[in-house]
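Participant: CSV, C-alpha atoms, file protein.csv:
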```
chain,number,residue,atom,x,y,z
A,147,MET,CA,-72.4,-81.5,-151.3
A,148,ARG,CA,-73.5,-84.6,-149.5
A,149,PRO,CA,-77.2,-85.1,-149.1
A,150,LEU,CA,-78.8,-84.0,-145.8
A,151,LEU,CA,-80.4,-87.3,-145.5
A,152,LEU,CA,-77.3,-89.1,-144.3
A,153,ALA,CA,-76.4,-89.3,-140.6
A,154,PRO,CA,-74.2,-86.3,-139.8
A,155,ALA,CA,-71.2,-88.4,-138.8
A,156,LEU,CA,-71.4,-90.4,-142.0
A,157,ALA,CA,-71.8,-87.2,-144.0
A,158,LEU,CA,-68.8,-85.7,-142.3
A,159,ALA,CA,-66.7,-88.8,-142.9
A,160,LEU,CA,-67.7,-88.9,-146.6
A,161,SER,CA,-67.0,-85.2,-147.2
A,162,ALA,CA,-63.6,-85.7,-145.7
A,163,SER,CA,-62.9,-88.6,-148.1
A,164,PRO,CA,-65.1,-88.1,-151.1
A,165,ALA,CA,-63.8,-91.2,-152.8
A,166,PHE,CA,-65.9,-93.5,-150.7
A,167,ALA,CA,-69.3,-94.4,-152.0
A,168,ALA,CA,-72.2,-94.1,-149.7
A,169,THR,CA,-75.1,-96.4,-149.1
A,170,ILE,CA,-78.5,-94.7,-149.1
A,171,GLU,CA,-81.2,-96.5,-147.3
A,172,ILE,CA,-84.8,-96.4,-148.3
A,173,THR,CA,-87.5,-98.3,-146.3
A,174,ILE,CA,-90.6,-99.8,-147.8
A,175,ASP,CA,-93.5,-100.0,-145.4
A,176,LYS,CA,-97.2,-100.6,-146.3
A,177,LEU,CA,-96.5,-99.9,-150.0
A,178,VAL,CA,-94.6,-96.6,-149.5
A,179,PHE,CA,-91.0,-95.8,-150.4
A,180,SER,CA,-89.6,-93.7,-147.6
A,181,PRO,CA,-88.0,-91.3,-148.2
A,182,ALA,CA,-89.6,-91.1,-151.6
A,183,ASN,CA,-87.0,-88.6,-152.8
A,184,VAL,CA,-83.3,-89.1,-152.3
A,185,GLN,CA,-80.1,-87.5,-153.6
A,186,ALA,CA,-77.0,-89.5,-154.5
A,187,LYS,CA,-73.8,-89.5,-156.4
A,188,VAL,CA,-72.6,-91.8,-159.1
A,189,GLY,CA,-71.0,-94.8,-157.4
A,190,ASP,CA,-73.4,-94.7,-154.4
A,191,THR,CA,-75.6,-97.6,-153.6
A,192,ILE,CA,-79.2,-97.5,-152.8
A,193,GLU,CA,-80.5,-100.2,-150.5
A,194,TRP,CA,-84.2,-100.8,-150.0
A,195,THR,CA,-85.4,-102.6,-146.9
A,196,ASN,CA,-88.8,-104.1,-147.5
A,197,LYS,CA,-90.9,-104.5,-144.3
A,198,ASP,CA,-94.0,-105.6,-146.2
A,199,ILE,CA,-95.2,-109.2,-146.6
A,200,LEU,CA,-95.2,-108.6,-150.3
A,201,ALA,CA,-92.5,-108.6,-152.9
A,202,HIS,CA,-91.7,-105.3,-154.5
A,203,THR,CA,-89.4,-103.9,-157.2
A,204,ALA,CA,-87.6,-100.7,-157.8
A,205,THR,CA,-87.8,-100.2,-161.5
A,206,VAL,CA,-86.7,-97.5,-163.9
A,207,LYS,CA,-88.3,-97.6,-167.3
A,208,GLY,CA,-85.4,-98.5,-169.6
A,209,GLY,CA,-83.0,-98.7,-166.6
A,210,TRP,CA,-82.4,-100.7,-163.5
A,211,ASP,CA,-84.9,-103.2,-162.2
A,212,VAL,CA,-84.3,-104.3,-158.6
A,213,MET,CA,-86.2,-107.2,-157.0
A,214,ILE,CA,-86.9,-106.6,-153.3
A,215,PRO,CA,-88.5,-109.8,-151.8
A,216,ALA,CA,-90.9,-109.6,-148.8
A,217,LYS,CA,-89.1,-108.9,-145.5
A,218,SER,CA,-85.8,-108.6,-147.3
A,219,THR,CA,-83.6,-106.1,-149.1
A,220,GLY,CA,-82.5,-105.2,-152.6
A,221,LYS,CA,-79.8,-102.8,-153.8
A,222,VAL,CA,-78.5,-101.0,-156.9
A,223,THR,CA,-75.2,-99.2,-157.5
A,224,LEU,CA,-75.8,-96.0,-159.4
A,225,LYS,CA,-73.7,-95.8,-162.6
A,226,ALA,CA,-75.1,-92.8,-164.4
A,227,ALA,CA,-75.8,-89.2,-163.4
A,228,GLY,CA,-79.2,-87.7,-163.8
A,229,ALA,CA,-82.6,-87.7,-162.2
A,230,VAL,CA,-84.7,-90.8,-162.4
A,231,ASP,CA,-88.2,-91.8,-161.4
A,232,TYR,CA,-88.7,-95.4,-160.3
A,233,PHE,CA,-91.8,-97.4,-159.4
A,234,CYS,CA,-92.8,-100.9,-158.3
A,235,ARG,CA,-93.7,-103.1,-161.2
A,236,PHE,CA,-96.1,-105.1,-159.0
A,237,HIS,CA,-97.7,-102.0,-157.5
A,238,PRO,CA,-97.4,-99.2,-160.0
A,239,ASN,CA,-98.8,-96.6,-157.7
A,240,MET,CA,-95.6,-96.9,-155.5
A,241,LYS,CA,-93.2,-94.3,-156.8
A,242,GLY,CA,-89.8,-92.9,-155.9
A,243,HIS,CA,-87.3,-90.4,-157.3
A,244,VAL,CA,-83.5,-90.3,-157.2
A,245,GLU,CA,-81.3,-87.5,-158.2
A,246,VAL,CA,-77.9,-88.7,-159.1
A,247,ALA,CA,-75.1,-86.2,-159.1
A,248,PRO,CA,-72.0,-86.9,-161.2
B,152,MET,CA,-136.1,-109.0,-146.9
B,153,PHE,CA,-135.4,-112.2,-145.0
B,154,MET,CA,-131.7,-111.8,-145.3
B,155,ARG,CA,-129.7,-111.0,-142.2
B,156,PRO,CA,-127.9,-107.7,-142.3
B,157,THR,CA,-124.5,-109.2,-142.8
B,158,ALA,CA,-125.8,-111.3,-145.7
B,159,ALA,CA,-127.5,-108.2,-147.2
B,160,LEU,CA,-124.2,-106.4,-146.9
B,161,ALA,CA,-122.3,-109.1,-148.7
B,162,ALA,CA,-125.0,-109.2,-151.3
B,163,LEU,CA,-123.9,-105.7,-152.2
B,164,PHE,CA,-120.6,-107.0,-153.3
B,165,PHE,CA,-120.3,-107.3,-157.1
B,166,VAL,CA,-123.8,-106.0,-157.8
B,167,SER,CA,-123.6,-102.4,-156.6
B,168,THR,CA,-121.3,-99.5,-156.2
B,169,ALA,CA,-123.5,-98.0,-153.6
B,170,PRO,CA,-121.8,-97.2,-150.3
B,171,LEU,CA,-121.9,-100.1,-147.9
B,172,ALA,CA,-124.3,-99.8,-145.1
B,173,LEU,CA,-123.0,-100.8,-141.7
B,174,ALA,CA,-124.3,-104.1,-140.5
B,175,ALA,CA,-126.1,-104.0,-137.2
B,176,ASP,CA,-124.5,-107.1,-135.9
B,177,LYS,CA,-120.7,-106.8,-135.7
B,178,PRO,CA,-118.8,-109.9,-136.9
B,179,THR,CA,-116.6,-111.7,-134.4
B,180,ASP,CA,-112.8,-112.2,-134.9
B,181,PRO,CA,-113.3,-115.9,-136.1
B,182,GLN,CA,-115.9,-114.6,-138.6
B,183,ILE,CA,-113.7,-111.7,-139.7
B,184,ALA,CA,-110.8,-114.1,-140.3
B,185,HIS,CA,-113.1,-116.2,-142.4
B,186,ILE,CA,-114.5,-113.3,-144.4
B,187,ALA,CA,-111.0,-111.9,-145.1
B,188,TYR,CA,-109.7,-115.3,-146.2
B,189,THR,CA,-112.7,-115.9,-148.4
B,190,ALA,CA,-112.4,-112.5,-150.0
B,191,ASP,CA,-108.7,-113.1,-150.7
B,192,THR,CA,-109.4,-116.5,-152.2
B,193,ILE,CA,-112.1,-115.2,-154.5
B,194,ASP,CA,-109.6,-112.7,-156.0
B,195,ILE,CA,-107.0,-115.4,-156.4
B,196,GLU,CA,-109.5,-117.6,-158.3
B,197,ALA,CA,-110.5,-114.7,-160.5
B,198,ALA,CA,-106.8,-114.0,-161.1
B,199,LYS,CA,-106.1,-117.6,-162.1
B,200,LEU,CA,-109.0,-117.4,-164.6
B,201,ALA,CA,-107.6,-114.2,-166.1
B,202,ILE,CA,-104.0,-115.6,-166.4
B,203,LYS,CA,-105.5,-118.6,-168.3
B,204,LYS,CA,-107.9,-116.6,-170.5
B,205,SER,CA,-106.4,-113.2,-171.2
B,206,LYS,CA,-104.0,-112.4,-174.0
B,207,ASN,CA,-103.5,-108.8,-172.9
B,208,LYS,CA,-100.2,-108.3,-171.2
B,209,GLU,CA,-101.4,-105.6,-168.9
B,210,VAL,CA,-104.3,-107.7,-167.8
B,211,VAL,CA,-102.2,-110.8,-167.2
B,212,ASP,CA,-99.5,-108.8,-165.3
B,213,PHE,CA,-102.2,-107.3,-163.2
B,214,ALA,CA,-103.8,-110.8,-162.5
B,215,LYS,CA,-100.3,-112.1,-161.6
B,216,ASP,CA,-99.9,-109.3,-159.1
B,217,MET,CA,-103.3,-110.1,-157.6
B,218,GLU,CA,-102.4,-113.8,-157.3
B,219,ARG,CA,-99.0,-113.1,-155.7
B,220,ASP,CA,-100.3,-110.4,-153.2
B,221,HIS,CA,-103.5,-112.1,-152.1
B,222,GLU,CA,-101.6,-115.4,-151.6
B,223,ALA,CA,-99.1,-113.5,-149.5
B,224,VAL,CA,-101.9,-111.9,-147.4
B,225,ASN,CA,-103.6,-115.3,-147.0
B,226,LYS,CA,-100.5,-116.9,-145.8
B,227,GLN,CA,-100.1,-114.2,-143.2
B,228,ALA,CA,-103.8,-114.6,-142.2
B,229,LEU,CA,-103.4,-118.4,-141.8
B,230,ASP,CA,-100.2,-117.9,-139.8
B,231,LEU,CA,-102.0,-115.5,-137.5
B,232,VAL,CA,-105.1,-117.6,-136.9
B,233,LYS,CA,-102.8,-120.5,-136.1
B,234,LYS,CA,-100.8,-118.4,-133.7
B,235,LEU,CA,-103.9,-117.0,-132.0
B,236,LYS,CA,-105.5,-120.4,-132.0
B,237,VAL,CA,-108.6,-119.0,-133.7
B,238,THR,CA,-110.7,-121.2,-135.9
B,239,PRO,CA,-112.1,-119.2,-138.8
B,240,GLU,CA,-115.9,-119.5,-138.6
B,241,ASP,CA,-118.1,-119.6,-141.7
B,242,ASN,CA,-120.9,-117.0,-141.7
B,243,ASP,CA,-123.5,-115.4,-143.9
B,244,THR,CA,-121.2,-112.7,-145.2
B,245,SER,CA,-118.6,-115.4,-146.3
B,246,LYS,CA,-121.3,-117.5,-147.9
B,247,ALA,CA,-122.8,-114.6,-149.8
B,248,LEU,CA,-119.4,-113.5,-151.0
B,249,ALA,CA,-118.6,-117.0,-152.2
B,250,LYS,CA,-122.0,-117.3,-154.0
B,251,ALA,CA,-121.6,-113.9,-155.7
B,252,ALA,CA,-118.0,-114.9,-156.8
B,253,LYS,CA,-119.2,-118.2,-158.2
B,254,GLU,CA,-121.7,-116.3,-160.3
B,255,GLU,CA,-119.2,-113.8,-161.5
B,256,ARG,CA,-116.7,-116.5,-162.4
B,257,ALA,CA,-119.4,-118.3,-164.4
B,258,LYS,CA,-120.2,-115.0,-166.2
B,259,LEU,CA,-116.5,-114.4,-166.9
B,260,ALA,CA,-115.9,-117.9,-168.1
B,261,LYS,CA,-118.3,-117.4,-171.0
B,262,LEU,CA,-116.5,-114.2,-172.2
B,263,LYS,CA,-113.5,-114.0,-174.5
B,264,GLY,CA,-110.8,-111.6,-175.7
B,265,ALA,CA,-111.4,-107.9,-175.1
B,266,ALA,CA,-114.8,-108.5,-173.6
B,267,PHE,CA,-113.3,-110.8,-171.0
B,268,ASP,CA,-110.5,-108.3,-170.2
B,269,LYS,CA,-112.9,-105.5,-169.8
B,270,ALA,CA,-115.4,-107.5,-167.6
B,271,TYR,CA,-112.6,-108.9,-165.4
B,272,ILE,CA,-110.9,-105.6,-164.8
B,273,GLU,CA,-114.1,-103.7,-164.2
B,274,ASN,CA,-115.1,-106.4,-161.7
B,275,GLU,CA,-111.7,-106.1,-160.0
B,276,VAL,CA,-112.2,-102.3,-159.6
B,277,ALA,CA,-115.7,-102.8,-158.2
B,278,TYR,CA,-114.6,-105.8,-156.0
B,279,HIS,CA,-111.6,-104.0,-154.4
B,280,LYS,CA,-113.8,-100.9,-153.9
B,281,GLN,CA,-116.4,-103.0,-152.0
B,282,VAL,CA,-113.8,-105.0,-150.0
B,283,ASN,CA,-112.0,-101.8,-149.0
B,284,GLY,CA,-115.3,-100.2,-148.0
B,285,ALA,CA,-116.1,-103.3,-145.9
B,286,LEU,CA,-112.6,-103.3,-144.3
B,287,GLU,CA,-112.8,-99.6,-143.4
B,288,THR,CA,-116.3,-99.4,-142.1
B,289,LEU,CA,-117.0,-102.9,-140.7
B,290,LEU,CA,-114.1,-105.4,-140.5
B,291,ILE,CA,-111.3,-103.2,-139.1
B,292,PRO,CA,-113.6,-101.4,-136.5
B,293,SER,CA,-115.1,-104.8,-135.4
B,294,ALA,CA,-111.8,-106.6,-135.0
B,295,SER,CA,-111.0,-107.0,-131.3
B,296,ASN,CA,-107.6,-108.7,-131.5
B,297,ALA,CA,-104.8,-106.1,-132.1
B,298,GLU,CA,-102.8,-108.3,-134.5
B,299,LEU,CA,-105.8,-109.2,-136.6
B,300,LYS,CA,-106.7,-105.5,-136.8
B,301,SER,CA,-103.2,-104.6,-137.8
B,302,LEU,CA,-103.2,-107.3,-140.6
B,303,LEU,CA,-106.5,-106.0,-141.9
B,304,GLU,CA,-105.1,-102.5,-141.9
B,305,THR,CA,-102.1,-103.7,-143.9
B,306,GLY,CA,-104.5,-105.5,-146.2
B,307,LEU,CA,-106.5,-102.3,-146.7
B,308,LYS,CA,-103.3,-100.5,-147.8
B,309,ILE,CA,-102.5,-103.3,-150.2
B,310,PHE,CA,-106.0,-103.5,-151.7
B,311,GLN,CA,-106.2,-99.7,-152.1
B,312,GLY,CA,-103.1,-100.1,-154.2
B,313,HIS,CA,-104.8,-102.9,-156.2
B,314,GLN,CA,-107.9,-100.7,-156.7
B,315,GLN,CA,-105.7,-97.9,-158.2
B,316,HIS,CA,-103.8,-100.4,-160.3
B,317,ALA,CA,-107.1,-101.9,-161.5
B,318,GLU,CA,-108.5,-98.4,-162.3
B,319,HIS,CA,-105.3,-97.7,-164.3
B,320,VAL,CA,-105.6,-100.9,-166.3
B,321,ALA,CA,-109.3,-100.2,-166.8
B,322,GLY,CA,-108.5,-96.8,-168.2
B,323,MET,CA,-106.0,-98.3,-170.6
B,324,LEU,CA,-108.6,-100.8,-171.9
B,325,LYS,CA,-111.0,-98.0,-172.9
```
Mind turning this structure into structure tokens?

Facilitator:
Amino acid sequence: MRPLLLAPALALALSASPAFAATIEITIDKLVFSPANVQAKVGDTIEWTNKDILAHTATVKGGWDVMIPAKSTGKVTLKAAGAVDYFCRFHPNMKGHVEVAP
Amino acid sequence: MFMRPTAALAALFFVSTAPLALAADKPTDPQIAHIAYTADTIDIEAAKLAIKKSKNKEVVDFAKDMERDHEAVNKQALDLVKKLKVTPEDNDTSKALAKAAKEERAKLAKLKGAAFDKAYIENEVAYHKQVNGALETLLIPSASNAELKSLLETGLKIFQGHQQHAEHVAGMLK
């Protein structure tokens, strides 16, 4: 099943053609990942849009490490299934969670 | 006490964890801009000292985060005062902050190794706690320009994160 977070039209399009990978958007505003929890599939891309004046990262211990410069974006393509917790290396109290379905 | 209330308030920085009393005379926007810039610069100076002196990776990483974030906030503050055509105005609070910071730096400069790390991080916890208290109870409520207020509110979020980060590192050093 596609995640509820996607716009309905996009979800419909994707469920009709499951081969297409989705882009999941997460916003960073005032040191908060929003939404903090997302669901994705292997092959999907997560894109973070950083509205803050500070640089952030989305980092998984022993996994991906995405730089997200101030007022900019960063992305990662999900290669492995499983649930991962990520955080910002510069602001370790910023946390997010991704569930990646196969 | 011959100190003016704002100076007395600033004197609380570094030396006490008691809750900040509200100053009777509210700072003006040019004074707030100066206080905010001074408070930021103090933390950048402390961070530079820690980067130079500490051998502890957690401490150095924390200090680098402080340097990066406070420089980013200061850049925003400078851009804003330029845009608003406000000239930051020196005041008793800024002066007391700068004086206390100078003393703290002198104290830290004499320490080495684990003693330095502990003193630096503990001061960072106390400093951010005090600055956040001042932002919440005095600077944000006193700011009259909406953009200045908004920048201070963003600063508060950032510095609350710093305080948690500093508390985390302090816990690891124990």

Participant: Using all atoms listed in the file and a cut-off of 9 Å, which residues of chain B sit close to chain A? Please list them as an NGL selection string.

Facilitator: :B and (212-213 or 215-217 or 219-220 or 223-224 or 227 or 305-306 or 308-309 or 312-313 or 315-316)

Participant: Would you mind reading off the distance between CA of Thr179 in chain B and CA of Ala198 in chain B, one decimal, in Å?

Facilitator: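 These atoms are spaced 28.5 Å apart.
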
Participant: Report, in Å with one decimal, the straight-line distance from CA of Ile172 in chain A to CA of Asp211 in chain A.

Facilitator: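 Rounded to one decimal, the two atoms are 15.5 Å apart.
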
Participant: Within 8 Å of (-75.2, -96.0, -157.6) in the file's own coordinates, which protein, DNA or RNA residues have an atom, counting only C-alpha atoms? List them as a PDB file with C-alpha atoms, in the coordinates of the input.

Facilitator:
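As written to disk, point04.pdb reads:
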```
ATOM      1  CA  ALA A 186     -77.000 -89.500-154.500  1.00  0.00           C
ATOM      2  CA  LYS A 187     -73.800 -89.500-156.400  1.00  0.00           C
ATOM      3  CA  VAL A 188     -72.600 -91.800-159.100  1.00  0.00           C
ATOM      4  CA  GLY A 189     -71.000 -94.800-157.400  1.00  0.00           C
ATOM      5  CA  ASP A 190     -73.400 -94.700-154.400  1.00  0.00           C
ATOM      6  CA  THR A 191     -75.600 -97.600-153.600  1.00  0.00           C
ATOM      7  CA  ILE A 192     -79.200 -97.500-152.800  1.00  0.00           C
ATOM      8  CA  VAL A 222     -78.500-101.000-156.900  1.00  0.00           C
ATOM      9  CA  THR A 223     -75.200 -99.200-157.500  1.00  0.00           C
ATOM     10  CA  LEU A 224     -75.800 -96.000-159.400  1.00  0.00           C
ATOM     11  CA  LYS A 225     -73.700 -95.800-162.600  1.00  0.00           C
ATOM     12  CA  ALA A 226     -75.100 -92.800-164.400  1.00  0.00           C
ATOM     13  CA  VAL A 246     -77.900 -88.700-159.100  1.00  0.00           C
TER      14      VAL A 246
END
```

Participant: Please provide as number ranges by chain all residues within 8 Å of Ser218 in chain A, with the sequence filter that same-chain residues fewer than 3 positions apart are discarded (counting only C-alpha atoms).

Facilitator: A: 195-197, 214-215

Participant: Using only the atoms of range 172-179 of chain A listed in the file, plus 5 Å on each side, state the axis-aligned box centre and edge lengths in Å rounded to one decimal, as lines of an AutoDock Vina configuration file.

Facilitator:
```
center_x = -91.0
center_y = -98.2
center_z = -147.9
size_x = 22.4
size_y = 14.8
size_z = 15.0
```

Participant: Do a neighbour search on Ala201 in chain B at 10 Å with only C-alpha atoms, toss out local chain neighbours closer than 4 positions, and write the hits as an NGL selection string.

Facilitator: :B and (195-197 or 205-207 or 210-215 or 259-260 or 267-268 or 271-272)

Participant: Any idea what's packed within 10 Å of Val232 in chain B, counting all atoms listed in the file, ignoring anything in its chain fewer than 3 positions away? Could you give it as JSON, numbers by chain?

Facilitator: {"B": [180, 181, 184, 185, 227, 228, 229, 235, 236, 237, 238, 239, 298, 299]}

Participant: Could those residues be written to a file, using C-alpha atoms, as a PDB file, keeping the file's coordinate frame?

Facilitator:
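The resulting file, out_35.pdb, is reproduced below:
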```pdb
ATOM      1  CA  ASP B 180    -112.800-112.200-134.900  1.00  0.00           C
ATOM      2  CA  PRO B 181    -113.300-115.900-136.100  1.00  0.00           C
ATOM      3  CA  ALA B 184    -110.800-114.100-140.300  1.00  0.00           C
ATOM      4  CA  HIS B 185    -113.100-116.200-142.400  1.00  0.00           C
ATOM      5  CA  GLN B 227    -100.100-114.200-143.200  1.00  0.00           C
ATOM      6  CA  ALA B 228    -103.800-114.600-142.200  1.00  0.00           C
ATOM      7  CA  LEU B 229    -103.400-118.400-141.800  1.00  0.00           C
ATOM      8  CA  LEU B 235    -103.900-117.000-132.000  1.00  0.00           C
ATOM      9  CA  LYS B 236    -105.500-120.400-132.000  1.00  0.00           C
ATOM     10  CA  VAL B 237    -108.600-119.000-133.700  1.00  0.00           C
ATOM     11  CA  THR B 238    -110.700-121.200-135.900  1.00  0.00           C
ATOM     12  CA  PRO B 239    -112.100-119.200-138.800  1.00  0.00           C
ATOM     13  CA  GLU B 298    -102.800-108.300-134.500  1.00  0.00           C
ATOM     14  CA  LEU B 299    -105.800-109.200-136.600  1.00  0.00           C
TER      15      LEU B 299
END
```

Participant: Would you mind telling me which residue in B:Leu248, B:Lys203, B:Lys234, B:Pro178 lies nearest to Thr288 in chain B when using all atoms listed in the file?

Facilitator: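 Ranking B:Leu248, B:Lys203, B:Lys234, B:Pro178 by distance to Thr288 in chain B, first place goes to B:Pro178.
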
Participant: Please, what distance in Å, to one decimal, runs between CA of Leu262 in chain B and CA of Ala249 in chain B?

Facilitator: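 One can read the CA of Leu262 in chain B to CA of Ala249 in chain B distance as 20.3 Å.
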
Participant: Using only C-alpha atoms, can you tell me which of A:Val212, A:Glu193, A:Pro248, A:Val206 comes closest to Phe233 in chain A?

Facilitator: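 Using only C-alpha atoms, the shortest distance to Phe233 in chain A belongs to A:Val206.
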
Participant: Please rebuild range 218-231 of chain B with N, CA and C atoms and give the result as a short mmCIF file (atom, residue, chain, number, x, y, z; two decimals), keeping the file's coordinate frame.

Facilitator:
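And here is the file that came out, out-v1.cif:
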```
data_model
loop_
_atom_site.label_atom_id
_atom_site.label_comp_id
_atom_site.auth_asym_id
_atom_site.auth_seq_id
_atom_site.Cartn_x
_atom_site.Cartn_y
_atom_site.Cartn_z
N GLU B 218 -102.67 -112.43 -157.80
CA GLU B 218 -102.40 -113.80 -157.30
C GLU B 218 -101.30 -113.76 -156.24
N ARG B 219 -100.20 -113.10 -156.59
CA ARG B 219 -99.00 -113.10 -155.70
C ARG B 219 -99.38 -112.37 -154.37
N ASP B 220 -100.01 -111.19 -154.46
CA ASP B 220 -100.30 -110.40 -153.20
C ASP B 220 -101.34 -111.08 -152.34
N HIS B 221 -102.40 -111.55 -152.97
CA HIS B 221 -103.50 -112.10 -152.10
C HIS B 221 -103.02 -113.46 -151.51
N GLU B 222 -102.15 -114.18 -152.21
CA GLU B 222 -101.60 -115.40 -151.60
C GLU B 222 -100.71 -115.04 -150.41
N ALA B 223 -99.94 -113.95 -150.56
CA ALA B 223 -99.10 -113.50 -149.50
C ALA B 223 -99.92 -113.08 -148.25
N VAL B 224 -101.02 -112.38 -148.52
CA VAL B 224 -101.90 -111.90 -147.40
C VAL B 224 -102.56 -113.14 -146.75
N ASN B 225 -102.99 -114.08 -147.57
CA ASN B 225 -103.60 -115.30 -147.00
C ASN B 225 -102.69 -116.08 -146.15
N LYS B 226 -101.44 -116.15 -146.57
CA LYS B 226 -100.50 -116.90 -145.80
C LYS B 226 -100.30 -116.23 -144.42
N GLN B 227 -100.22 -114.89 -144.42
CA GLN B 227 -100.10 -114.20 -143.20
C GLN B 227 -101.35 -114.42 -142.29
N ALA B 228 -102.52 -114.41 -142.94
CA ALA B 228 -103.80 -114.60 -142.20
C ALA B 228 -103.79 -116.00 -141.56
N LEU B 229 -103.37 -117.00 -142.33
CA LEU B 229 -103.40 -118.40 -141.80
C LEU B 229 -102.36 -118.52 -140.66
N ASP B 230 -101.17 -117.90 -140.84
CA ASP B 230 -100.20 -117.90 -139.80
C ASP B 230 -100.71 -117.30 -138.50
N LEU B 231 -101.43 -116.20 -138.69
CA LEU B 231 -102.00 -115.50 -137.50
C LEU B 231 -103.06 -116.26 -136.81
#
```
